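input31.cif, holding mmCIF, C-alpha atoms:
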```cif
data_final
#
loop_
_atom_site.label_atom_id
_atom_site.label_comp_id
_atom_site.auth_asym_id
_atom_site.auth_seq_id
_atom_site.Cartn_x
_atom_site.Cartn_y
_atom_site.Cartn_z
CA MET A 1 99.00 94.88 105.68
CA ASN A 2 96.32 94.57 103.01
CA LYS A 3 94.84 91.07 102.75
CA ASN A 4 95.36 90.87 98.98
CA THR A 5 98.97 91.92 99.35
CA ASP A 6 99.48 89.24 102.00
CA ASP A 7 98.03 86.63 99.66
CA LEU A 8 100.23 87.86 96.84
CA ILE A 9 103.35 87.67 98.99
CA ALA A 10 102.46 84.13 100.01
CA ALA A 11 101.94 83.11 96.39
CA LEU A 12 105.20 84.70 95.22
CA ALA A 13 107.16 83.28 98.13
CA ASP A 14 105.95 79.78 97.21
CA ASN A 15 107.83 80.12 93.91
CA GLY A 16 111.02 81.06 95.73
CA ALA A 17 113.83 83.32 94.57
CA GLN A 18 116.63 80.91 93.91
CA ALA A 19 119.29 82.32 91.63
CA GLN A 20 118.78 81.22 88.03
CA GLY A 21 121.95 82.86 86.75
CA ARG A 22 122.13 86.52 85.85
CA GLY A 23 120.42 86.04 82.52
CA VAL A 24 123.53 86.84 80.49
CA GLY A 25 122.66 84.23 77.89
CA LYS A 26 119.13 85.51 77.34
CA PHE A 27 120.54 89.01 76.93
CA VAL A 28 123.50 88.20 74.71
CA LEU A 29 121.96 85.59 72.40
CA PRO A 30 119.50 87.94 70.63
CA LEU A 31 122.31 90.47 70.13
CA ILE A 32 124.69 87.92 68.62
CA GLY A 33 121.81 86.42 66.66
CA VAL A 34 120.88 89.64 64.88
CA ALA A 35 124.53 90.52 64.25
CA ALA A 36 125.05 87.12 62.61
CA LEU A 37 121.79 87.43 60.69
CA CYS A 38 122.79 90.84 59.28
CA SER A 39 126.20 89.55 58.19
CA ILE A 40 124.83 86.38 56.62
CA ALA A 41 122.04 88.27 54.83
CA LEU A 42 124.52 90.72 53.32
CA GLY A 43 126.89 87.89 52.37
CA LEU A 44 124.05 86.24 50.46
CA VAL A 45 122.85 89.40 48.74
CA LEU A 46 126.09 91.19 47.97
CA ASP A 47 129.32 89.94 46.38
CA ASP A 48 132.98 90.76 46.80
CA ALA A 49 133.34 91.67 50.44
CA PHE A 50 136.48 93.76 51.08
CA SER A 51 137.07 94.27 47.34
CA PRO A 52 136.36 98.05 47.63
CA TYR A 53 139.48 98.30 49.78
CA ALA A 54 141.85 96.61 47.33
CA GLU A 55 142.94 99.97 45.98
CA THR A 56 142.67 102.18 49.03
CA GLY A 57 144.11 99.80 51.57
CA PRO A 58 142.44 98.91 54.87
CA ALA A 59 142.46 102.41 56.42
CA PRO A 60 138.93 103.46 55.35
CA LEU A 61 137.51 100.14 56.55
CA LEU A 62 139.34 100.46 59.86
CA VAL A 63 137.90 103.95 60.38
CA LYS A 64 134.39 102.67 59.66
CA TRP A 65 134.78 99.62 61.85
CA GLY A 66 136.47 101.63 64.57
CA PHE A 67 133.32 103.71 64.79
CA SER A 68 130.70 101.00 64.28
CA VAL A 69 132.29 98.28 66.39
CA SER A 70 132.65 100.80 69.25
CA LEU A 71 128.90 101.35 69.11
CA ALA A 72 128.10 97.66 68.71
CA VAL A 73 130.16 96.87 71.82
CA LEU A 74 129.43 99.89 74.03
CA ALA A 75 125.67 99.87 73.38
CA PRO A 76 125.07 96.36 74.84
CA LEU A 77 127.19 97.22 77.88
CA THR A 78 125.08 100.34 78.37
CA LEU A 79 121.86 98.38 77.87
CA TRP A 80 123.05 95.85 80.44
CA LEU A 81 123.41 98.64 83.00
CA LEU A 82 120.18 100.36 81.95
CA GLY A 83 118.36 97.08 82.44
CA ARG A 84 119.47 96.82 86.07
CA PRO A 85 117.36 99.17 88.22
CA GLY A 86 119.28 101.55 90.42
CA ARG A 87 122.55 101.27 88.50
CA ASP A 88 124.24 104.43 87.22
CA SER A 89 124.56 104.40 83.43
CA GLY A 90 125.47 108.05 82.84
CA TRP A 91 129.17 107.39 82.31
CA MET A 92 128.39 104.72 79.71
CA LEU A 93 126.25 107.21 77.79
CA ILE A 94 129.21 109.58 77.78
CA ALA A 95 131.38 106.73 76.49
CA LEU A 96 128.84 106.15 73.71
CA ALA A 97 129.22 109.78 72.63
CA VAL A 98 133.01 109.39 72.18
CA PRO A 99 132.86 107.62 68.77
CA PHE A 100 130.59 110.39 67.49
CA ALA A 101 132.96 113.05 68.82
CA ALA A 102 135.90 111.34 67.12
CA VAL A 103 134.05 111.12 63.79
CA SER A 104 133.02 114.79 64.08
CA ALA A 105 136.63 115.84 64.63
CA MET A 106 137.83 113.76 61.69
CA PHE A 107 135.02 115.18 59.57
CA VAL A 108 136.17 118.76 60.25
CA VAL A 109 139.75 117.89 59.30
CA ASP A 110 138.56 116.00 56.23
CA LEU A 111 136.46 118.95 55.07
CA ALA A 112 139.52 121.17 55.06
CA MET A 113 141.81 118.70 53.32
CA SER A 114 139.86 116.22 51.21
CA GLU A 115 138.99 116.71 47.56
CA GLN A 116 137.00 113.50 47.24
CA ALA A 117 133.85 113.51 45.17
CA PHE A 118 130.70 113.37 47.23
CA PRO A 119 128.52 111.34 47.50
CA GLY A 120 130.43 109.05 45.15
CA LYS A 121 129.07 105.78 43.81
CA ALA A 122 126.86 103.19 45.47
CA TRP A 123 125.50 105.48 48.17
CA GLN A 124 122.00 104.16 47.46
CA THR A 125 123.12 100.63 48.33
CA CYS A 126 124.70 101.90 51.53
CA LEU A 127 121.58 103.76 52.53
CA THR A 128 119.37 100.77 51.65
CA ALA A 129 121.54 98.44 53.72
CA MET A 130 121.40 100.77 56.72
CA THR A 131 117.64 101.22 56.34
CA VAL A 132 116.95 97.48 56.17
CA LEU A 133 119.49 96.16 58.65
CA SER A 134 119.28 98.78 61.41
CA PRO A 135 115.67 97.97 62.40
CA LEU A 136 116.52 94.26 62.32
CA ALA A 137 119.40 94.67 64.74
CA PHE A 138 117.32 97.13 66.79
CA ALA A 139 114.66 94.42 67.16
CA GLY A 140 117.30 92.07 68.56
CA ALA A 141 118.34 94.69 71.09
CA VAL A 142 114.71 95.21 72.10
CA ILE A 143 114.27 91.47 72.67
CA ALA A 144 117.47 91.40 74.73
CA VAL A 145 116.50 94.39 76.88
CA ARG A 146 113.00 93.09 77.53
CA HIS A 147 114.60 90.27 79.47
CA LEU A 148 116.03 92.89 81.84
CA ALA A 149 114.23 95.64 83.78
CA PRO A 150 114.98 99.05 82.25
CA THR A 151 113.46 101.90 84.23
CA ASN A 152 114.38 104.64 81.75
CA LEU A 153 112.66 103.38 78.62
CA ARG A 154 113.50 106.31 76.36
CA ARG A 155 117.17 106.08 77.17
CA ALA A 156 117.15 102.30 76.70
CA GLY A 157 115.32 102.70 73.37
CA LEU A 158 117.88 105.26 72.21
CA VAL A 159 120.80 102.97 73.05
CA ALA A 160 119.06 100.01 71.40
CA GLY A 161 118.79 102.20 68.29
CA LEU A 162 122.52 102.96 68.42
CA PHE A 163 123.17 99.23 68.64
CA GLY A 164 120.93 98.62 65.62
CA GLY A 165 122.78 101.20 63.55
CA GLY A 166 126.20 100.09 64.78
CA VAL A 167 125.57 96.45 63.86
CA ALA A 168 124.16 97.39 60.44
CA MET A 169 127.21 99.51 59.67
CA THR A 170 129.64 96.86 60.90
CA ALA A 171 127.99 94.26 58.67
CA TYR A 172 127.84 96.46 55.59
CA ALA A 173 131.21 98.22 55.84
CA PRO A 174 133.22 95.45 54.04
CA PHE A 175 131.01 95.91 50.97
CA CYS A 176 131.05 99.71 50.98
CA PRO A 177 133.09 101.51 48.31
CA GLY A 178 132.38 104.92 49.83
CA SER A 179 135.17 106.73 51.59
CA GLY A 180 135.73 110.10 53.19
CA MET A 181 134.35 111.46 56.41
CA ALA A 182 131.52 113.39 54.71
CA TYR A 183 130.31 110.10 53.28
CA MET A 184 130.54 108.47 56.68
CA VAL A 185 128.67 111.27 58.41
CA VAL A 186 125.85 111.42 55.87
CA PHE A 187 125.35 107.74 55.05
CA TYR A 188 126.29 106.12 58.34
CA CYS A 189 126.11 108.54 61.26
CA LEU A 190 122.81 110.14 60.25
CA PRO A 191 121.03 106.79 59.70
CA ILE A 192 122.40 105.55 63.03
CA LEU A 193 121.20 108.68 64.82
CA SER A 194 117.83 108.34 63.07
CA MET A 195 117.55 104.76 64.36
CA ALA A 196 118.49 106.02 67.82
CA ALA A 197 115.78 108.70 67.58
CA ILE A 198 113.22 106.06 66.60
CA GLY A 199 114.37 104.00 69.58
CA PHE A 200 114.01 107.02 71.84
CA LEU A 201 110.46 107.62 70.63
CA THR A 202 109.30 104.00 70.64
CA GLY A 203 111.18 102.86 73.75
CA PRO A 204 108.30 103.52 76.17
CA ARG A 205 106.00 101.28 74.07
CA LEU A 206 108.45 98.56 73.08
CA LEU A 207 110.31 98.13 76.35
CA ARG A 208 107.52 98.52 78.89
CA TRP A 209 107.34 95.72 81.43
CA MET B 1 120.57 107.75 104.08
CA ASN B 2 119.32 107.79 107.66
CA VAL B 3 119.88 105.05 110.24
CA SER B 4 116.39 103.57 109.79
CA GLN B 5 116.82 103.28 106.01
CA ASP B 6 120.26 101.81 106.52
CA LYS B 7 118.89 99.11 108.86
CA THR B 8 116.03 98.29 106.50
CA GLY B 9 118.46 98.10 103.59
CA SER B 10 120.73 95.71 105.48
CA LEU B 11 117.77 93.54 106.43
CA LEU B 12 116.59 93.39 102.82
CA ASP B 13 120.13 92.56 101.65
CA HIS B 14 120.35 89.77 104.20
CA LEU B 15 116.91 88.36 103.39
CA ILE B 16 117.39 88.29 99.62
CA ALA B 17 120.76 86.58 100.05
CA LYS B 18 119.09 83.87 102.15
CA ALA B 19 116.18 83.65 99.71
CA ARG B 20 118.56 83.05 96.83
CA GLU B 21 119.97 80.11 98.71
CA GLY B 22 116.49 78.59 98.63
CA ASP B 23 115.08 79.87 101.93
CA ARG B 24 111.42 80.56 101.08
CA ARG B 25 110.62 81.88 104.52
CA ALA B 26 113.34 84.50 104.11
CA TYR B 27 111.92 85.34 100.70
CA ARG B 28 108.48 85.84 102.20
CA GLU B 29 109.96 88.16 104.83
CA PHE B 30 111.88 89.97 102.11
CA LEU B 31 108.70 90.61 100.12
CA ALA B 32 106.81 91.74 103.21
CA GLU B 33 109.62 94.12 104.17
CA ALA B 34 109.87 95.36 100.58
CA ALA B 35 106.12 96.07 100.60
CA ILE B 36 106.55 98.26 103.68
CA VAL B 37 109.46 100.16 102.12
CA VAL B 38 107.57 100.71 98.85
CA ARG B 39 104.40 101.75 100.63
CA LYS B 40 106.36 104.36 102.57
CA GLN B 41 108.08 105.60 99.43
CA LEU B 42 104.87 106.00 97.44
CA ALA B 43 102.38 106.99 100.12
CA ARG B 44 102.94 110.72 99.65
CA LYS B 45 102.58 110.49 95.87
CA ILE B 46 99.39 108.43 95.66
CA GLY B 47 96.01 109.61 96.84
CA GLY B 48 93.91 106.53 97.52
CA ASP B 49 94.83 103.54 99.64
CA GLY B 50 93.39 101.15 97.08
CA GLU B 51 95.44 102.72 94.33
CA LEU B 52 98.58 102.65 96.48
CA GLU B 53 98.07 98.97 97.23
CA ASP B 54 97.69 98.23 93.49
CA ILE B 55 101.10 99.76 92.84
CA VAL B 56 102.70 98.04 95.83
CA GLN B 57 101.48 94.74 94.42
CA ASP B 58 102.76 95.63 90.94
CA VAL B 59 106.16 96.40 92.45
CA LEU B 60 106.25 93.10 94.34
CA ILE B 61 105.40 91.15 91.19
CA ALA B 62 108.08 93.09 89.28
CA CYS B 63 110.64 92.37 92.01
CA HIS B 64 109.78 88.69 91.81
CA GLU B 65 109.91 88.47 88.02
CA LYS B 66 113.04 90.59 87.64
CA HIS B 67 115.05 89.56 90.68
CA HIS B 68 117.80 88.32 88.36
CA THR B 69 118.54 92.00 87.58
CA LEU B 70 119.73 92.53 91.15
CA ASP B 71 123.39 91.60 91.09
CA PRO B 72 124.55 89.49 94.04
CA GLY B 73 126.26 91.67 96.63
CA ARG B 74 124.68 94.91 95.43
CA PRO B 75 122.36 96.71 97.86
CA VAL B 76 118.64 96.07 97.43
CA GLY B 77 117.56 99.61 98.38
CA PRO B 78 118.42 101.50 95.16
CA TRP B 79 117.17 98.58 93.04
CA LEU B 80 113.84 98.46 94.88
CA ARG B 81 113.37 102.24 94.85
CA ALA B 82 114.10 102.38 91.09
CA ILE B 83 111.51 99.68 90.39
CA ALA B 84 108.94 101.41 92.63
CA GLY B 85 109.58 104.74 90.88
CA TYR B 86 109.22 103.09 87.49
CA LYS B 87 105.97 101.36 88.42
CA LEU B 88 104.57 104.62 89.79
CA ILE B 89 105.33 106.44 86.54
CA ASP B 90 103.92 103.51 84.57
CA HIS B 91 100.77 103.70 86.68
CA TRP B 92 100.43 107.44 86.03
CA ARG B 93 100.98 106.84 82.34
CA LYS B 94 98.21 104.25 82.24
CA ARG B 95 95.59 106.29 84.00
CA GLY B 96 96.65 109.80 83.04
CA ARG B 97 98.29 112.00 85.61
CA SER B 98 95.20 113.43 87.22
CA PRO B 99 95.06 114.06 90.94
CA ILE B 100 91.80 112.16 91.36
CA VAL B 101 91.57 109.55 94.07
CA LEU B 102 90.51 106.17 92.78
CA ASP B 103 88.95 104.74 95.91
CA ASP B 104 85.68 102.88 95.69
CA THR B 105 84.05 105.78 97.53
CA ALA B 106 84.99 108.06 94.68
CA ASP B 107 82.89 106.12 92.24
CA LEU B 108 79.59 107.76 93.10
CA PRO B 109 79.67 111.52 92.63
CA VAL B 110 76.01 111.59 91.49
CA ALA B 111 73.31 111.68 94.13
CA ALA B 112 70.73 108.91 93.65
CA ASP B 113 67.88 111.45 93.66
CA ASP B 114 69.41 113.21 90.70
CA LEU B 115 69.02 110.08 88.65
CA ALA B 116 65.59 109.04 89.90
CA SER B 117 63.60 110.55 87.07
CA VAL B 118 66.10 109.92 84.33
CA ASP B 119 66.18 107.21 81.68
CA ILE B 120 69.43 105.51 82.69
CA ALA B 121 69.76 103.59 79.44
CA ALA B 122 69.52 106.79 77.44
CA LEU B 123 71.96 108.51 79.76
CA LEU B 124 74.51 105.76 79.41
CA GLY B 125 74.13 106.04 75.66
CA GLU B 126 75.66 109.49 75.93
CA LEU B 127 78.89 108.04 77.31
CA PRO B 128 81.75 106.33 75.51
CA GLU B 129 80.97 102.59 75.37
CA ALA B 130 83.83 101.60 77.71
CA GLN B 131 82.64 103.99 80.44
CA ALA B 132 78.99 103.02 79.98
CA GLU B 133 79.88 99.33 80.22
CA ALA B 134 81.92 99.97 83.39
CA ILE B 135 79.00 101.77 85.05
CA ARG B 136 76.50 99.12 83.96
CA MET B 137 78.61 96.40 85.55
CA THR B 138 79.46 98.19 88.78
CA HIS B 139 76.28 100.17 89.46
CA ILE B 140 73.52 98.20 87.75
CA GLU B 141 74.70 94.59 87.82
CA GLY B 142 76.30 95.16 91.22
CA LEU B 143 79.77 93.79 90.44
CA THR B 144 82.71 95.07 92.43
CA SER B 145 85.38 97.02 90.55
CA GLN B 146 87.66 94.00 90.88
CA GLU B 147 85.08 91.63 89.35
CA ALA B 148 84.29 94.08 86.56
CA SER B 149 87.96 94.56 85.73
CA GLU B 150 88.46 90.80 85.55
CA ARG B 151 85.46 90.38 83.27
CA VAL B 152 86.68 93.03 80.82
CA GLY B 153 90.33 92.02 81.18
CA ILE B 154 91.77 95.34 82.33
CA GLY B 155 93.49 96.46 85.53
CA LEU B 156 91.57 97.40 88.64
CA SER B 157 92.76 100.99 88.49
CA ALA B 158 91.75 101.30 84.86
CA MET B 159 88.27 100.03 85.72
CA LYS B 160 87.93 102.49 88.61
CA LEU B 161 89.09 105.26 86.33
CA ARG B 162 86.46 104.38 83.71
CA VAL B 163 83.74 104.36 86.34
CA HIS B 164 85.00 107.60 87.85
CA ARG B 165 85.15 109.43 84.53
CA GLY B 166 81.82 108.00 83.42
CA MET B 167 80.11 109.09 86.64
CA ASN B 168 81.60 112.56 86.37
CA ARG B 169 80.30 112.82 82.82
CA LEU B 170 76.86 111.59 83.92
CA LYS B 171 76.81 114.26 86.59
CA GLU B 172 77.60 116.91 84.01
CA ILE B 173 74.83 115.64 81.73
CA VAL B 174 72.28 115.64 84.56
CA GLU B 175 73.25 119.17 85.60
CA GLU B 176 73.08 120.39 82.00
CA SER B 177 69.59 118.93 81.65
CA LYS B 178 68.43 120.77 84.80
CA THR B 179 69.45 124.18 83.48
#
```

Can you turn what I pasted into structure tokens?
Amino acid sequence: MNKNTDDLIAALADNGAQAQGRGVGKFVLPLIGVAALCSIALGLVLDDAFSPYAETGPAPLLVKWGFSVSLAVLAPLTLWLLGRPGRDSGWMLIALAVPFAAVSAMFVVDLAMSEQAFPGKAWQTCLTAMTVLSPLAFAGAVIAVRHLAPTNLRRAGLVAGLFGGGVAMTAYAPFCPGSGMAYMVVFYCLPILSMAAIGFLTGPRLLRW
Amino acid sequence: MNVSQDKTGSLLDHLIAKAREGDRRAYREFLAEAAIVVRKQLARKIGGDGELEDIVQDVLIACHEKHHTLDPGRPVGPWLRAIAGYKLIDHWRKRGRSPIVLDDTADLPVAADDLASVDIAALLGELPEAQAEAIRMTHIEGLTSQEASERVGIGLSAMKLRVHRGMNRLKEIVEESKT
């Protein structure tokens, strides 16, 4: 064996490999931190959470949250697997596609039946919130993943982007007066997919270890 | 998986389990065994021995720093191979995926006679500063690639690559001047 490699092994072995936990805390804390930060920031800037649903009832909010919370929960689970070399994460990626498939199906039905005005009011606020909050939550996901050891950086970046968008949408949804699936596709799904695309492109730089 | 791989995998699993209980000797054996496995895995994909050893060392450091990502009870083999594959790709990304061999012997493609009548300072001025600096350190000051890489603060492979590319460019310049 090469002399330098021998020396390296001796130096590493001196530090030992005793288990220091599985690093769940270091992974989860940044994710919870950015989710809390997004919610608090919106609470400080915007008023009257949930008031947009006084007339319509909770159904539109439940549809939005059903989609966004699915992403905000599934994405970290996928990142956890992606950050563990040699683990299969393909089935989790398929699971991440399910919320998008559900929204697409509902969008098709809504197109045929709905007569709601589009884009409606306050879409600029919605788009601004997604644009500001998604990168913030994405940054938290990047910090969390860097603690692990992702070997597919593009895929990890993409999923971190989905987490960013999912958290931003979850935080903003209570303030959002917009309803209808077209609104959801244009002002939520597209920004989330854009964040995922940015994650895909920047993953190799941001997540390299 | 063949029998040999299976045995090696079991040995690695056993050694890392002992190492996690605080057995440093087992950890040392684990790292040495892992180095052998990685070297075998990458040998066909890497040209030079020096370059291969750089990656083996990168993989060992990665295994040490990220050992918490190996879940207790899961086999070491797939985890180790995934890290080795990642470090290989990362290495290619850093140096560009050219088939050149970055051994020390590859650093001197220009015959000394070719340079005898040439103003070296002027020649080096034709190169990008990073390549010129690398050649000055390794072929004029007499530093080894390792020492030069430490002085500049880059990896050994990156330093060898700079020298290699710079020397190739010098050779082209000398040949152009002859014609």

Please identify all polymer residues within 10 Å of Lys26 in chain A, counting only C-alpha atoms, omitting same-chain residues fewer than 6 positions from it, and present them as a PDB file with C-alpha atoms, keeping the file's coordinate frame.
```pdb
ATOM      1  CA  ILE A 143     114.270  91.470  72.670  1.00  0.00           C
ATOM      2  CA  ALA A 144     117.470  91.400  74.730  1.00  0.00           C
ATOM      3  CA  VAL A 145     116.500  94.390  76.880  1.00  0.00           C
ATOM      4  CA  ARG A 146     113.000  93.090  77.530  1.00  0.00           C
ATOM      5  CA  HIS A 147     114.600  90.270  79.470  1.00  0.00           C
ATOM      6  CA  LEU A 148     116.030  92.890  81.840  1.00  0.00           C
TER       7      LEU A 148
END
```

Give me, as JSON lines, the closest atom pair and its distance (Å, one decimal) for every residue of chain A within a cut-off of 10 Å of chain B, counting only C-alpha atoms, rows sorted by chain and rising number.
```
{"residue": "A:Met1", "atom": "CA", "partner": "B:Ile36", "partner_atom": "CA", "distance": 8.5}
{"residue": "A:Asn2", "atom": "CA", "partner": "B:Glu53", "partner_atom": "CA", "distance": 7.5}
{"residue": "A:Asn4", "atom": "CA", "partner": "B:Gln57", "partner_atom": "CA", "distance": 8.6}
{"residue": "A:Thr5", "atom": "CA", "partner": "B:Gln57", "partner_atom": "CA", "distance": 6.2}
{"residue": "A:Asp6", "atom": "CA", "partner": "B:Ala32", "partner_atom": "CA", "distance": 7.8}
{"residue": "A:Leu8", "atom": "CA", "partner": "B:Gln57", "partner_atom": "CA", "distance": 7.4}
{"residue": "A:Ile9", "atom": "CA", "partner": "B:Leu31", "partner_atom": "CA", "distance": 6.2}
{"residue": "A:Ala10", "atom": "CA", "partner": "B:Arg28", "partner_atom": "CA", "distance": 6.6}
{"residue": "A:Ala11", "atom": "CA", "partner": "B:Arg28", "partner_atom": "CA", "distance": 9.2}
{"residue": "A:Leu12", "atom": "CA", "partner": "B:His64", "partner_atom": "CA", "distance": 7.0}
{"residue": "A:Ala13", "atom": "CA", "partner": "B:Arg28", "partner_atom": "CA", "distance": 5.0}
{"residue": "A:Asp14", "atom": "CA", "partner": "B:Arg24", "partner_atom": "CA", "distance": 6.7}
{"residue": "A:Asn15", "atom": "CA", "partner": "B:Arg24", "partner_atom": "CA", "distance": 8.0}
{"residue": "A:Gly16", "atom": "CA", "partner": "B:Arg24", "partner_atom": "CA", "distance": 5.4}
{"residue": "A:Ala17", "atom": "CA", "partner": "B:Arg20", "partner_atom": "CA", "distance": 5.2}
{"residue": "A:Gln18", "atom": "CA", "partner": "B:Arg20", "partner_atom": "CA", "distance": 4.1}
{"residue": "A:Ala19", "atom": "CA", "partner": "B:Arg20", "partner_atom": "CA", "distance": 5.3}
{"residue": "A:Gln20", "atom": "CA", "partner": "B:His68", "partner_atom": "CA", "distance": 7.2}
{"residue": "A:Gly21", "atom": "CA", "partner": "B:His68", "partner_atom": "CA", "distance": 7.0}
{"residue": "A:Arg22", "atom": "CA", "partner": "B:His68", "partner_atom": "CA", "distance": 5.3}
{"residue": "A:Gly23", "atom": "CA", "partner": "B:His68", "partner_atom": "CA", "distance": 6.8}
{"residue": "A:Val24", "atom": "CA", "partner": "B:His68", "partner_atom": "CA", "distance": 9.8}
{"residue": "A:Trp80", "atom": "CA", "partner": "B:Thr69", "partner_atom": "CA", "distance": 9.3}
{"residue": "A:Leu81", "atom": "CA", "partner": "B:Thr69", "partner_atom": "CA", "distance": 9.4}
{"residue": "A:Gly83", "atom": "CA", "partner": "B:Thr69", "partner_atom": "CA", "distance": 7.2}
{"residue": "A:Arg84", "atom": "CA", "partner": "B:Thr69", "partner_atom": "CA", "distance": 5.1}
{"residue": "A:Pro85", "atom": "CA", "partner": "B:Trp79", "partner_atom": "CA", "distance": 4.9}
{"residue": "A:Gly86", "atom": "CA", "partner": "B:Trp79", "partner_atom": "CA", "distance": 4.5}
{"residue": "A:Arg87", "atom": "CA", "partner": "B:Trp79", "partner_atom": "CA", "distance": 7.5}
{"residue": "A:His147", "atom": "CA", "partner": "B:Lys66", "partner_atom": "CA", "distance": 8.3}
{"residue": "A:Leu148", "atom": "CA", "partner": "B:Thr69", "partner_atom": "CA", "distance": 6.3}
{"residue": "A:Ala149", "atom": "CA", "partner": "B:Lys66", "partner_atom": "CA", "distance": 6.5}
{"residue": "A:Pro150", "atom": "CA", "partner": "B:Tyr86", "partner_atom": "CA", "distance": 8.8}
{"residue": "A:Thr151", "atom": "CA", "partner": "B:Tyr86", "partner_atom": "CA", "distance": 5.5}
{"residue": "A:Asn152", "atom": "CA", "partner": "B:Tyr86", "partner_atom": "CA", "distance": 7.9}
{"residue": "A:Leu153", "atom": "CA", "partner": "B:Tyr86", "partner_atom": "CA", "distance": 9.5}
{"residue": "A:Pro204", "atom": "CA", "partner": "B:Asp90", "partner_atom": "CA", "distance": 9.5}
{"residue": "A:Arg208", "atom": "CA", "partner": "B:Asp90", "partner_atom": "CA", "distance": 8.4}
{"residue": "A:Trp209", "atom": "CA", "partner": "B:Ala62", "partner_atom": "CA", "distance": 8.3}
```

Output for the residues just chosen: C-alpha atoms as a compact mmCIF listing (two decimals), in the frame of the given file:
```txt
# COMPACT_ATOMS: atom_id res chain seq x y z
CA MET A 1 99.00 94.88 105.68
CA ASN A 2 96.32 94.57 103.01
CA ASN A 4 95.36 90.87 98.98
CA THR A 5 98.97 91.92 99.35
CA ASP A 6 99.48 89.24 102.00
CA LEU A 8 100.23 87.86 96.84
CA ILE A 9 103.35 87.67 98.99
CA ALA A 10 102.46 84.13 100.01
CA ALA A 11 101.94 83.11 96.39
CA LEU A 12 105.20 84.70 95.22
CA ALA A 13 107.16 83.28 98.13
CA ASP A 14 105.95 79.78 97.21
CA ASN A 15 107.83 80.12 93.91
CA GLY A 16 111.02 81.06 95.73
CA ALA A 17 113.83 83.32 94.57
CA GLN A 18 116.63 80.91 93.91
CA ALA A 19 119.29 82.32 91.63
CA GLN A 20 118.78 81.22 88.03
CA GLY A 21 121.95 82.86 86.75
CA ARG A 22 122.13 86.52 85.85
CA GLY A 23 120.42 86.04 82.52
CA VAL A 24 123.53 86.84 80.49
CA TRP A 80 123.05 95.85 80.44
CA LEU A 81 123.41 98.64 83.00
CA GLY A 83 118.36 97.08 82.44
CA ARG A 84 119.47 96.82 86.07
CA PRO A 85 117.36 99.17 88.22
CA GLY A 86 119.28 101.55 90.42
CA ARG A 87 122.55 101.27 88.50
CA HIS A 147 114.60 90.27 79.47
CA LEU A 148 116.03 92.89 81.84
CA ALA A 149 114.23 95.64 83.78
CA PRO A 150 114.98 99.05 82.25
CA THR A 151 113.46 101.90 84.23
CA ASN A 152 114.38 104.64 81.75
CA LEU A 153 112.66 103.38 78.62
CA PRO A 204 108.30 103.52 76.17
CA ARG A 208 107.52 98.52 78.89
CA TRP A 209 107.34 95.72 81.43
```

Target residues per the PyMOL selection byres ((chain A and resi 141) around 8), formatted as a list in words: Pro30, Leu31, Pro76, Ala137, Phe138, Ala139, Gly140, Val142, Ile143, Ala144, Val145, Ala160, Phe163 and Gly164 of chain A

Contact residues around range 41-44 of chain A with only C-alpha atoms at 12 Å, ignoring same-chain residues under 6 positions, as an MDAnalysis selection string: chainID A and resid 33:35 50 125:126 128:130 132:133 136 168:176

Atom pair CA of Ser149 in chain B / CA of His91 in chain B: separation (Å):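 Interatomic distance here is 15.8 Å.
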
Shell around Gly203 in chain A at 8 Å using all atoms listed in the file, local window under 5 positions removed, as a PyMOL selection string: chain A and resi 153-158+208
